[in-house]
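Peer 1: Below you'll find model_6.txt; it's compact mmCIF, C-alpha atoms and all ligand atoms.
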```txt
# COMPACT_ATOMS: atom_id res chain seq x y z
CA MET A 1 0.00 0.00 0.00
CA PRO A 2 1.18 3.56 -0.65
CA GLN A 3 2.28 5.58 2.38
CA ILE A 4 0.17 8.57 1.36
CA GLU A 5 -2.87 8.58 -0.87
CA PHE A 6 -4.96 11.59 -1.89
CA LYS A 7 -8.24 10.35 -3.38
CA ASP A 8 -10.62 12.57 -5.35
CA ILE A 9 -9.95 15.63 -3.21
CA ILE A 10 -12.23 18.57 -3.95
CA LYS A 11 -11.62 21.81 -2.07
CA THR A 12 -13.37 25.13 -2.55
CA TYR A 13 -12.77 28.41 -0.77
CA GLU A 14 -15.58 30.93 -1.01
CA ASN A 15 -17.13 29.31 -4.11
CA THR A 16 -13.78 29.05 -5.92
CA VAL A 17 -12.65 25.51 -6.68
CA VAL A 18 -8.98 25.27 -5.66
CA LEU A 19 -8.51 21.50 -5.95
CA ASP A 20 -10.79 19.82 -8.45
CA SER A 21 -10.73 16.08 -7.79
CA ILE A 22 -7.03 15.57 -7.12
CA SER A 23 -5.71 12.01 -6.73
CA PHE A 24 -2.13 10.83 -6.29
CA SER A 25 -0.19 8.43 -4.13
CA ILE A 26 3.29 8.43 -2.65
CA GLU A 27 5.30 5.37 -1.68
CA ASP A 28 7.40 5.00 1.43
CA GLY A 29 10.82 6.63 0.88
CA GLU A 30 9.94 8.74 -2.17
CA PHE A 31 11.11 12.33 -2.75
CA VAL A 32 8.29 14.30 -4.34
CA PHE A 33 7.93 17.93 -5.37
CA ILE A 34 4.48 19.52 -5.58
CA VAL A 35 4.82 22.47 -7.93
CA GLY A 36 2.56 25.01 -9.54
CA PRO A 37 1.94 28.75 -9.67
CA SER A 38 1.21 30.76 -6.57
CA GLY A 39 -2.35 30.02 -5.42
CA ALA A 40 -2.43 26.61 -7.15
CA GLY A 41 -3.27 24.88 -3.87
CA LYS A 42 0.14 23.48 -2.84
CA SER A 43 -0.12 24.66 0.78
CA THR A 44 -3.69 23.41 0.93
CA ILE A 45 -2.42 19.92 0.04
CA VAL A 46 0.23 20.10 2.78
CA LYS A 47 -2.35 21.31 5.31
CA MET A 48 -4.72 18.45 4.50
CA LEU A 49 -2.01 15.90 5.12
CA ILE A 50 -1.42 17.25 8.63
CA ARG A 51 -5.19 17.74 9.11
CA GLU A 52 -5.06 21.51 9.38
CA GLU A 53 -7.54 21.79 6.53
CA PHE A 54 -10.48 19.64 5.41
CA PRO A 55 -11.66 18.95 1.86
CA ASP A 56 -15.27 19.32 0.63
CA SER A 57 -15.03 15.68 -0.43
CA GLY A 58 -12.46 12.95 -0.93
CA CYS A 59 -10.01 11.44 1.50
CA VAL A 60 -6.34 11.44 2.42
CA LEU A 61 -4.96 8.11 3.55
CA PHE A 62 -1.78 7.96 5.58
CA SER A 63 -0.60 4.37 6.08
CA ASP A 64 -4.10 3.32 4.98
CA GLN A 65 -5.87 5.44 7.59
CA ASN A 66 -8.10 8.32 6.50
CA VAL A 67 -6.60 11.33 8.30
CA PHE A 68 -10.02 13.02 8.39
CA ASP A 69 -11.34 10.13 10.51
CA ILE A 70 -8.58 10.34 13.13
CA PRO A 71 -10.05 11.33 16.50
CA GLN A 72 -8.88 14.71 17.81
CA CYS A 73 -6.96 13.04 20.64
CA ASP A 74 -4.77 11.18 18.12
CA ILE A 75 -3.90 14.24 15.99
CA PRO A 76 -0.72 15.03 17.98
CA ASN A 77 0.43 11.50 17.20
CA LEU A 78 -0.21 12.04 13.45
CA ARG A 79 1.73 15.30 13.57
CA ARG A 80 4.69 13.58 15.22
CA ARG A 81 4.83 11.08 12.38
CA ILE A 82 4.92 13.96 9.89
CA GLY A 83 7.67 16.55 10.42
CA VAL A 84 6.79 19.93 8.94
CA VAL A 85 9.08 22.72 7.75
CA PHE A 86 7.72 26.13 6.73
CA GLN A 87 9.03 28.96 4.59
CA ASP A 88 9.37 31.31 7.58
CA PHE A 89 11.18 28.89 9.94
CA LYS A 90 8.90 29.58 12.94
CA LEU A 91 11.75 29.76 15.47
CA LEU A 92 11.38 31.36 18.90
CA ASN A 93 13.76 34.33 18.93
CA SER A 94 14.14 34.29 22.71
CA LYS A 95 15.48 30.72 22.71
CA ASN A 96 18.79 29.38 21.46
CA VAL A 97 19.20 26.74 18.76
CA PHE A 98 19.30 23.83 21.23
CA GLU A 99 16.15 25.08 22.98
CA ASN A 100 14.29 25.64 19.71
CA VAL A 101 14.81 21.99 18.79
CA ALA A 102 14.19 20.74 22.35
CA ILE A 103 10.71 22.29 22.29
CA ALA A 104 9.46 19.58 19.96
CA LEU A 105 10.36 17.00 22.60
CA GLU A 106 9.33 19.02 25.65
CA VAL A 107 5.75 19.28 24.42
CA VAL A 108 5.46 15.50 24.68
CA ASP A 109 7.19 15.45 28.08
CA ALA A 110 10.27 13.61 26.80
CA PRO A 111 12.76 12.89 29.60
CA GLU A 112 15.72 15.26 29.86
CA GLU A 113 18.12 12.43 29.03
CA THR A 114 16.28 11.80 25.75
CA ILE A 115 16.36 15.48 24.89
CA LYS A 116 20.12 15.65 25.61
CA ASN A 117 20.69 12.72 23.26
CA ILE A 118 18.39 13.61 20.39
CA VAL A 119 18.95 17.37 20.06
CA PRO A 120 22.72 17.20 19.36
CA ASN A 121 22.07 14.28 17.02
CA VAL A 122 19.59 16.10 14.81
CA LEU A 123 21.66 19.29 14.90
CA SER A 124 24.62 17.28 13.67
CA MET A 125 22.42 15.92 10.83
CA VAL A 126 21.89 19.49 9.61
CA GLY A 127 25.51 20.59 10.19
CA LEU A 128 24.82 22.95 13.09
CA THR A 129 26.76 21.35 15.94
CA ASN A 130 28.87 24.49 16.29
CA LYS A 131 25.80 26.77 16.52
CA MET A 132 23.99 24.81 19.22
CA TYR A 133 24.03 27.72 21.68
CA SER A 134 23.59 30.57 19.19
CA MET A 135 20.46 32.70 19.21
CA PRO A 136 18.29 32.86 16.06
CA ASN A 137 19.28 36.49 15.39
CA GLN A 138 22.91 35.32 15.09
CA LEU A 139 22.04 32.90 12.27
CA SER A 140 21.70 33.31 8.52
CA GLY A 141 18.39 32.44 6.86
CA GLY A 142 19.80 29.14 5.66
CA GLU A 143 20.96 28.25 9.17
CA LYS A 144 17.54 29.14 10.58
CA GLN A 145 15.93 26.81 8.09
CA ARG A 146 18.35 24.05 9.09
CA VAL A 147 17.30 24.53 12.74
CA SER A 148 13.69 24.15 11.72
CA ILE A 149 14.57 20.95 9.81
CA ALA A 150 16.36 19.63 12.91
CA ARG A 151 13.26 20.39 14.98
CA ALA A 152 11.09 18.54 12.46
CA LEU A 153 13.40 15.52 12.71
CA ALA A 154 13.31 15.30 16.51
CA HIS A 155 10.51 12.72 16.49
CA GLU A 156 12.07 10.66 13.71
CA PRO A 157 9.07 11.27 11.45
CA ASP A 158 8.07 8.89 8.63
CA ILE A 159 7.59 11.88 6.33
CA LEU A 160 9.11 15.33 6.18
CA VAL A 161 6.80 17.87 4.58
CA ALA A 162 8.35 21.16 3.51
CA ASP A 163 6.23 24.09 2.31
CA GLU A 164 8.44 26.48 0.28
CA PRO A 165 11.46 25.81 2.55
CA THR A 166 13.79 27.79 0.27
CA GLY A 167 11.42 30.71 -0.25
CA MET A 168 13.19 33.08 2.13
CA ILE A 169 16.84 32.11 1.72
CA ASP A 170 19.60 32.82 -0.80
CA PRO A 171 20.39 30.31 -3.59
CA VAL A 172 23.59 28.96 -1.97
CA SER A 173 21.82 28.31 1.34
CA ALA A 174 18.92 26.83 -0.61
CA ASP A 175 21.30 24.30 -2.18
CA GLU A 176 22.59 23.39 1.30
CA VAL A 177 19.03 22.86 2.51
CA MET A 178 18.34 20.64 -0.50
CA ASP A 179 21.50 18.60 0.20
CA ILE A 180 20.22 18.02 3.72
CA LEU A 181 16.76 17.00 2.51
CA GLU A 182 18.37 14.60 0.07
CA LYS A 183 20.49 13.07 2.85
CA ILE A 184 17.43 12.68 5.10
CA ASN A 185 15.61 11.01 2.20
CA SER A 186 18.51 8.64 1.56
CA LEU A 187 18.21 7.51 5.19
CA GLY A 188 14.63 6.43 4.49
CA THR A 189 12.37 9.39 5.28
CA THR A 190 9.79 10.32 2.64
CA ILE A 191 10.07 13.95 1.52
CA LEU A 192 7.15 15.97 0.18
CA MET A 193 8.14 19.49 -0.79
CA ALA A 194 5.83 22.19 -2.13
CA THR A 195 7.70 24.85 -4.07
CA HIS A 196 7.64 27.24 -6.97
CA ASP A 197 11.46 27.36 -7.12
CA TYR A 198 11.99 25.98 -10.63
CA ASN A 199 15.81 26.11 -10.41
CA ILE A 200 15.80 23.70 -7.49
CA VAL A 201 13.20 21.38 -9.00
CA ASN A 202 15.10 21.19 -12.29
CA LYS A 203 18.39 20.53 -10.51
CA MET A 204 17.12 17.75 -8.24
CA LYS A 205 15.53 15.51 -10.88
CA LYS A 206 12.98 13.97 -8.52
CA ARG A 207 9.33 13.11 -8.99
CA VAL A 208 7.39 16.28 -9.80
CA ILE A 209 3.62 16.60 -9.43
CA ARG A 210 2.43 19.77 -11.13
CA ILE A 211 -0.88 21.32 -10.05
CA GLU A 212 -2.54 23.85 -12.31
CA ASN A 213 -6.11 25.14 -12.40
CA GLY A 214 -7.14 22.66 -9.74
CA LYS A 215 -5.94 19.59 -11.63
CA ILE A 216 -2.79 17.49 -11.79
CA LYS A 217 -1.21 18.74 -15.00
CA SER A 218 1.67 16.25 -14.92
CA ASP A 219 3.30 13.72 -12.61
CA LYS A 220 6.75 12.56 -13.68
CA ILE A 221 9.68 10.83 -12.04
CA GLY A 222 12.84 12.76 -12.89
CA GLY A 223 10.60 15.57 -14.07
CA THR A 224 11.24 19.26 -14.50
CA TYR A 225 9.29 22.22 -13.20
CA ASN A 226 7.24 22.57 -16.34
CA GLY A 227 6.47 18.91 -16.69
P1 LIG A 301 -0.20 27.77 -3.04
O1 LIG A 301 0.41 27.14 -1.82
O2 LIG A 301 -0.07 26.92 -4.25
O3 LIG A 301 0.29 29.16 -3.29
P2 LIG A 301 -2.64 27.82 -1.44
O4 LIG A 301 -2.95 26.41 -1.14
O5 LIG A 301 -1.99 28.64 -0.37
O6 LIG A 301 -1.78 27.88 -2.79
O7 LIG A 301 -3.96 28.57 -1.86
C1 LIG A 301 -4.77 28.15 -2.93
C2 LIG A 301 -5.92 29.14 -3.12
O8 LIG A 301 -6.81 29.08 -2.03
C3 LIG A 301 -5.47 30.60 -3.22
O9 LIG A 301 -6.27 31.24 -4.17
C4 LIG A 301 -5.74 31.13 -1.83
O10 LIG A 301 -6.03 32.50 -1.86
C5 LIG A 301 -6.96 30.33 -1.42
N1 LIG A 301 -7.02 30.12 0.04
C6 LIG A 301 -6.12 29.44 0.78
N2 LIG A 301 -6.49 29.40 2.07
C7 LIG A 301 -7.64 30.09 2.15
C8 LIG A 301 -8.53 30.43 3.23
N3 LIG A 301 -8.29 30.01 4.49
N4 LIG A 301 -9.63 31.15 2.93
C9 LIG A 301 -9.91 31.54 1.67
N5 LIG A 301 -9.11 31.26 0.62
C10 LIG A 301 -8.00 30.56 0.85
```
Can the structure in the file be given as structure tokens, please?
Peer 2:
Amino acid sequence: MPQIEFKDIIKTYENTVVLDSISFSIEDGEFVFIVGPSGAGKSTIVKMLIREEFPDSGCVLFSDQNVFDIPQCDIPNLRRRIGVVFQDFKLLNSKNVFENVAIALEVVDAPEETIKNIVPNVLSMVGLTNKMYSMPNQLSGGEKQRVSIARALAHEPDILVADEPTGMIDPVSADEVMDILEKINSLGTTILMATHDYNIVNKMKKRVIRIENGKIKSDKIGGTYNG
């Protein structure tokens, strides 16, 4: 069975159809770009997967379970299995790098020993061991994004979902972020990245699902931004 399956998803906002019967599936360990012009519905797709948004009809299966049927009390568990990275990093400026990553574990009452083990581990994954005690305002945009990736990895998620992760950083830092995502993927984590950065998509040569006018325009392994 696929790890993720979107089935006949229809979503309208204020009488405008944003997603018009979208279906696709993603296998365990894939690296997939969702591309399309601004407003195409890429973020809406990401939000449905983490149950922040509901469709008008259709379902999203994650490991064969319809995420819209998951009881509210199990939603934190779903969100631990899916690490999420946003364009704007969402770091707490009053906390250092270590603390920003530790938060993900503190909210589930992880023991201090666990936190002391995991946080340096995930920071090493993203190449930030030497910035562990820096404050966010001492970091470049690319470094901030790497902190947010480390935070998303703290629960060893099955999937890492990234919504425009390179949207606010320079091209060199963006390449570094993509190298890290590729490394995470090679260790077995599925990556789903929504982006309109065609340079990156064309460079990476991964599967590309292109959404346009509410429909899947193309879906190609080793595809380019324009299909
Ligand atoms: P993308 O990520 O591809 O830029 P989005 O998924 O953010 O696209 O948005 C798709 C469309 O839905 C846009 O036209 C946007 O304005 C609209 N939209 C998104 N969220 C809402 C909302 N909460 N209320 C009304 N319209 C929304």
Peer 1: Show me which residues line ligand LIG 301 (chain A), defined as having an atom within 9 Å of a ligand atom where all atoms listed in the file count, and present them as an mmCIF file with C-alpha atoms, in the frame of the given file.
Peer 2:
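Dumped everything to selection38.cif:
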```
data_model
loop_
_atom_site.group_PDB
_atom_site.id
_atom_site.type_symbol
_atom_site.label_atom_id
_atom_site.label_comp_id
_atom_site.auth_asym_id
_atom_site.auth_seq_id
_atom_site.Cartn_x
_atom_site.Cartn_y
_atom_site.Cartn_z
ATOM 1 C CA LYS A 11 -11.620 21.810 -2.070
ATOM 2 C CA THR A 12 -13.370 25.130 -2.550
ATOM 3 C CA TYR A 13 -12.770 28.410 -0.770
ATOM 4 C CA GLU A 14 -15.580 30.930 -1.010
ATOM 5 C CA THR A 16 -13.780 29.050 -5.920
ATOM 6 C CA VAL A 17 -12.650 25.510 -6.680
ATOM 7 C CA VAL A 18 -8.980 25.270 -5.660
ATOM 8 C CA LEU A 19 -8.510 21.500 -5.950
ATOM 9 C CA ILE A 34 4.480 19.520 -5.580
ATOM 10 C CA VAL A 35 4.820 22.470 -7.930
ATOM 11 C CA GLY A 36 2.560 25.010 -9.540
ATOM 12 C CA PRO A 37 1.940 28.750 -9.670
ATOM 13 C CA SER A 38 1.210 30.760 -6.570
ATOM 14 C CA GLY A 39 -2.350 30.020 -5.420
ATOM 15 C CA ALA A 40 -2.430 26.610 -7.150
ATOM 16 C CA GLY A 41 -3.270 24.880 -3.870
ATOM 17 C CA LYS A 42 0.140 23.480 -2.840
ATOM 18 C CA SER A 43 -0.120 24.660 0.780
ATOM 19 C CA THR A 44 -3.690 23.410 0.930
ATOM 20 C CA ILE A 45 -2.420 19.920 0.040
ATOM 21 C CA VAL A 46 0.230 20.100 2.780
ATOM 22 C CA LYS A 47 -2.350 21.310 5.310
ATOM 23 C CA GLU A 53 -7.540 21.790 6.530
ATOM 24 C CA ASP A 163 6.230 24.090 2.310
ATOM 25 C CA GLU A 164 8.440 26.480 0.280
ATOM 26 C CA ALA A 194 5.830 22.190 -2.130
ATOM 27 C CA THR A 195 7.700 24.850 -4.070
ATOM 28 C CA HIS A 196 7.640 27.240 -6.970
ATOM 29 C CA ILE A 211 -0.880 21.320 -10.050
ATOM 30 C CA GLU A 212 -2.540 23.850 -12.310
#
```
Peer 1: Could you check which of A:Asn77, A:Asn66, A:Gln72, A:Ser218 is closest to A:Val107, using only C-alpha atoms?
Peer 2: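 Counting only C-alpha atoms, the residue closest to A:Val107 is A:Asn77.
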Peer 1: Determine the nearest neighbour of A:Ile216 from the options A:Glu5, A:Ser21, A:Gln145, A:Asp179, counting all atoms listed in the file.
Peer 2: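 Checking each candidate against A:Ile216, we get A:Ser21 as the closest.
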Peer 1: Nearest residue to A:Val119 out of A:Phe33, A:Tyr133, A:Phe86, A:Phe98, using only C-alpha atoms?
Peer 2: A:Phe98
Peer 1: Using only C-alpha atoms, which protein or nucleic acid residues come within 9 Å of A:Asn100? Drop anything in the same chain fewer than 3 positions from it, and give the result as a VMD selection string.
Peer 2: chain A and resid 91 to 93 95 to 97 103 to 104 147 to 148 151
Peer 1: Keeping only C-alpha atoms, write the selected residues to a file as a PDB file, in the coordinates of the input.
Peer 2:
```
ATOM      1  CA  LEU A  91      11.750  29.760  15.470  1.00  0.00           C
ATOM      2  CA  LEU A  92      11.380  31.360  18.900  1.00  0.00           C
ATOM      3  CA  ASN A  93      13.760  34.330  18.930  1.00  0.00           C
ATOM      4  CA  LYS A  95      15.480  30.720  22.710  1.00  0.00           C
ATOM      5  CA  ASN A  96      18.790  29.380  21.460  1.00  0.00           C
ATOM      6  CA  VAL A  97      19.200  26.740  18.760  1.00  0.00           C
ATOM      7  CA  ILE A 103      10.710  22.290  22.290  1.00  0.00           C
ATOM      8  CA  ALA A 104       9.460  19.580  19.960  1.00  0.00           C
ATOM      9  CA  VAL A 147      17.300  24.530  12.740  1.00  0.00           C
ATOM     10  CA  SER A 148      13.690  24.150  11.720  1.00  0.00           C
ATOM     11  CA  ARG A 151      13.260  20.390  14.980  1.00  0.00           C
TER      12      ARG A 151
END
```
Peer 1: Hey, which of A:Met193, A:Ala150, A:Val208, A:Ile75 ends up closest to A:Pro165? Count only C-alpha atoms.
Peer 2: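 Comparing A:Met193, A:Ala150, A:Val208, A:Ile75 against A:Pro165, the winner is A:Met193.
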Peer 1: List the neighbours of A:Ser25 out to 9 Å using only C-alpha atoms; skip same-chain residues closer than 6 positions along the sequence, and give me the result as a VMD selection string.
Peer 2: chain A and resid 2 to 7
Peer 1: Do you know which residues are at most 9 Å from A:Met178 counting all atoms listed in the file, after dropping those on the same chain fewer than 6 positions away, and could you put them as a ChimeraX atom specification?
Peer 2: /A:166,200,204
Peer 1: Report, in Å with one decimal, the straight-line distance from atom CA of A:Gly127 to atom CA of A:Glu176.
Peer 2: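 Calculated distance between atom CA of A:Gly127 and atom CA of A:Glu176 is 9.8 Å.
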Peer 1: Using atom CA of A:Asn117 and atom CA of A:Gly188 as the two end points, give the distance in Å to one decimal.
Peer 2: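 For atom CA of A:Asn117 relative to atom CA of A:Gly188, the distance reads 20.7 Å.
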Peer 1: Counting all atoms listed in the file, which residue out of A:Gly29, A:Gly83, A:Gly58, A:Gly141 sits closest to A:Leu160?
Peer 2: A:Gly83
Peer 1: So, with only C-alpha atoms as the atoms that count, which of A:Val101, A:Ile169, A:Ile221, A:Ile149 lies closest to A:Lys116?
Peer 2: A:Val101
Peer 1: Can you measure atom CA of A:Asn130 to atom CA of A:Arg79 for me? One decimal in Å is fine.
Peer 2: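 That distance, rounded to one decimal, is 28.8 Å.
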Peer 1: Find the residues around A:Phe68 up to 12 Å (all atoms listed in the file counted), leave out those fewer than 5 positions away in its own chain, and share them as a PyMOL selection string.
Peer 2: chain A and resi 6+9+47-62+74-75+78
Peer 1: Here's a test: counting all atoms listed in the file, identify every protein, DNA and RNA residue with an atom at most 6 Å from (-9.9, 20.4, -11.9) in the file's coordinate frame, and state them as an MDAnalysis selection string.
Peer 2: chainID A and resid 20 214:215
Peer 1: Would you save the residues of that selection, restricted to C-alpha atoms, as a CSV table (one decimal), in the coordinates of the input?
Peer 2:
```
chain,number,residue,atom,x,y,z
A,20,ASP,CA,-10.8,19.8,-8.4
A,214,GLY,CA,-7.1,22.7,-9.7
A,215,LYS,CA,-5.9,19.6,-11.6
```
Peer 1: Env of A:Pro157: 7 Å cut, atoms = only C-alpha atoms, seq-sep filter 5 positions within chain, self excluded. Answer as a list in words.
Peer 2: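 Residues meeting the cut-off are Arg80, Arg81, Ile82 and Gly83 of chain A.
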Peer 1: Starting from the incomplete input, reconstruct all heavy atoms of stretch 106-117 of chain A and report them as a CSV table (one decimal), keeping the file's coordinate frame.
Peer 2:
```csv
chain,number,residue,atom,x,y,z
A,106,GLU,N,9.9,18.6,24.4
A,106,GLU,CA,9.3,19.0,25.6
A,106,GLU,C,7.8,19.0,25.6
A,106,GLU,O,7.2,18.6,26.6
A,106,GLU,CB,9.8,20.4,26.0
A,106,GLU,CG,11.2,20.5,26.5
A,106,GLU,CD,11.9,21.8,26.4
A,106,GLU,OE1,11.2,22.8,26.0
A,106,GLU,OE2,13.1,21.9,26.8
A,107,VAL,N,7.2,19.3,24.5
A,107,VAL,CA,5.8,19.3,24.4
A,107,VAL,C,5.2,17.9,24.6
A,107,VAL,O,4.0,17.7,24.9
A,107,VAL,CB,5.2,19.9,23.1
A,107,VAL,CG1,5.5,21.4,23.0
A,107,VAL,CG2,5.6,19.2,21.9
A,108,VAL,N,6.0,16.9,24.4
A,108,VAL,CA,5.5,15.5,24.7
A,108,VAL,C,6.1,14.9,26.0
A,108,VAL,O,6.1,13.7,26.2
A,108,VAL,CB,5.7,14.5,23.5
A,108,VAL,CG1,5.0,15.0,22.3
A,108,VAL,CG2,7.2,14.4,23.2
A,109,ASP,N,6.6,15.9,26.8
A,109,ASP,CA,7.2,15.4,28.1
A,109,ASP,C,8.3,14.4,28.0
A,109,ASP,O,8.4,13.5,28.8
A,109,ASP,CB,6.1,14.9,29.0
A,109,ASP,CG,5.2,16.0,29.5
A,109,ASP,OD1,5.7,17.1,29.7
A,109,ASP,OD2,4.0,15.8,29.7
A,110,ALA,N,9.1,14.5,26.9
A,110,ALA,CA,10.3,13.6,26.8
A,110,ALA,C,11.2,13.8,28.0
A,110,ALA,O,11.4,15.0,28.4
A,110,ALA,CB,11.0,13.9,25.5
A,111,PRO,N,11.8,12.7,28.5
A,111,PRO,CA,12.8,12.9,29.6
A,111,PRO,C,14.0,13.7,29.2
A,111,PRO,O,14.4,13.7,28.0
A,111,PRO,CB,13.2,11.5,29.9
A,111,PRO,CG,12.3,10.6,29.1
A,111,PRO,CD,11.6,11.4,28.1
A,112,GLU,N,14.6,14.4,30.1
A,112,GLU,CA,15.7,15.3,29.9
A,112,GLU,C,16.9,14.5,29.2
A,112,GLU,O,17.5,15.0,28.3
A,112,GLU,CB,16.2,15.9,31.2
A,112,GLU,CG,16.9,17.2,30.9
A,112,GLU,CD,17.3,17.9,32.2
A,112,GLU,OE1,16.4,17.9,33.1
A,112,GLU,OE2,18.4,18.4,32.3
A,113,GLU,N,17.1,13.3,29.6
A,113,GLU,CA,18.1,12.4,29.0
A,113,GLU,C,17.9,12.3,27.5
A,113,GLU,O,18.8,12.3,26.7
A,113,GLU,CB,18.1,11.0,29.7
A,113,GLU,CG,19.0,10.9,30.9
A,113,GLU,CD,20.4,11.5,30.7
A,113,GLU,OE1,21.2,11.0,29.9
A,113,GLU,OE2,20.7,12.5,31.4
A,114,THR,N,16.6,12.0,27.2
A,114,THR,CA,16.3,11.8,25.8
A,114,THR,C,16.6,13.1,25.0
A,114,THR,O,17.2,13.0,23.9
A,114,THR,CB,14.8,11.4,25.6
A,114,THR,OG1,14.5,10.4,26.5
A,114,THR,CG2,14.4,11.1,24.2
A,115,ILE,N,16.2,14.2,25.6
A,115,ILE,CA,16.4,15.5,24.9
A,115,ILE,C,17.9,15.7,24.7
A,115,ILE,O,18.3,16.1,23.6
A,115,ILE,CB,15.7,16.6,25.7
A,115,ILE,CG1,14.2,16.4,25.7
A,115,ILE,CG2,16.1,18.0,25.2
A,115,ILE,CD1,13.4,17.4,26.6
A,116,LYS,N,18.7,15.4,25.7
A,116,LYS,CA,20.1,15.6,25.6
A,116,LYS,C,20.8,14.7,24.6
A,116,LYS,O,21.8,15.1,24.1
A,116,LYS,CB,20.8,15.4,27.0
A,116,LYS,CG,20.6,16.6,27.9
A,116,LYS,CD,21.4,16.4,29.2
A,116,LYS,CE,21.2,17.6,30.1
A,116,LYS,NZ,21.4,17.2,31.5
A,117,ASN,N,20.2,13.6,24.3
A,117,ASN,CA,20.7,12.7,23.3
A,117,ASN,C,20.3,13.2,21.9
A,117,ASN,O,21.1,13.2,20.9
A,117,ASN,CB,20.2,11.3,23.5
A,117,ASN,CG,21.0,10.5,24.5
A,117,ASN,OD1,22.2,10.7,24.5
A,117,ASN,ND2,20.4,9.7,25.2
```
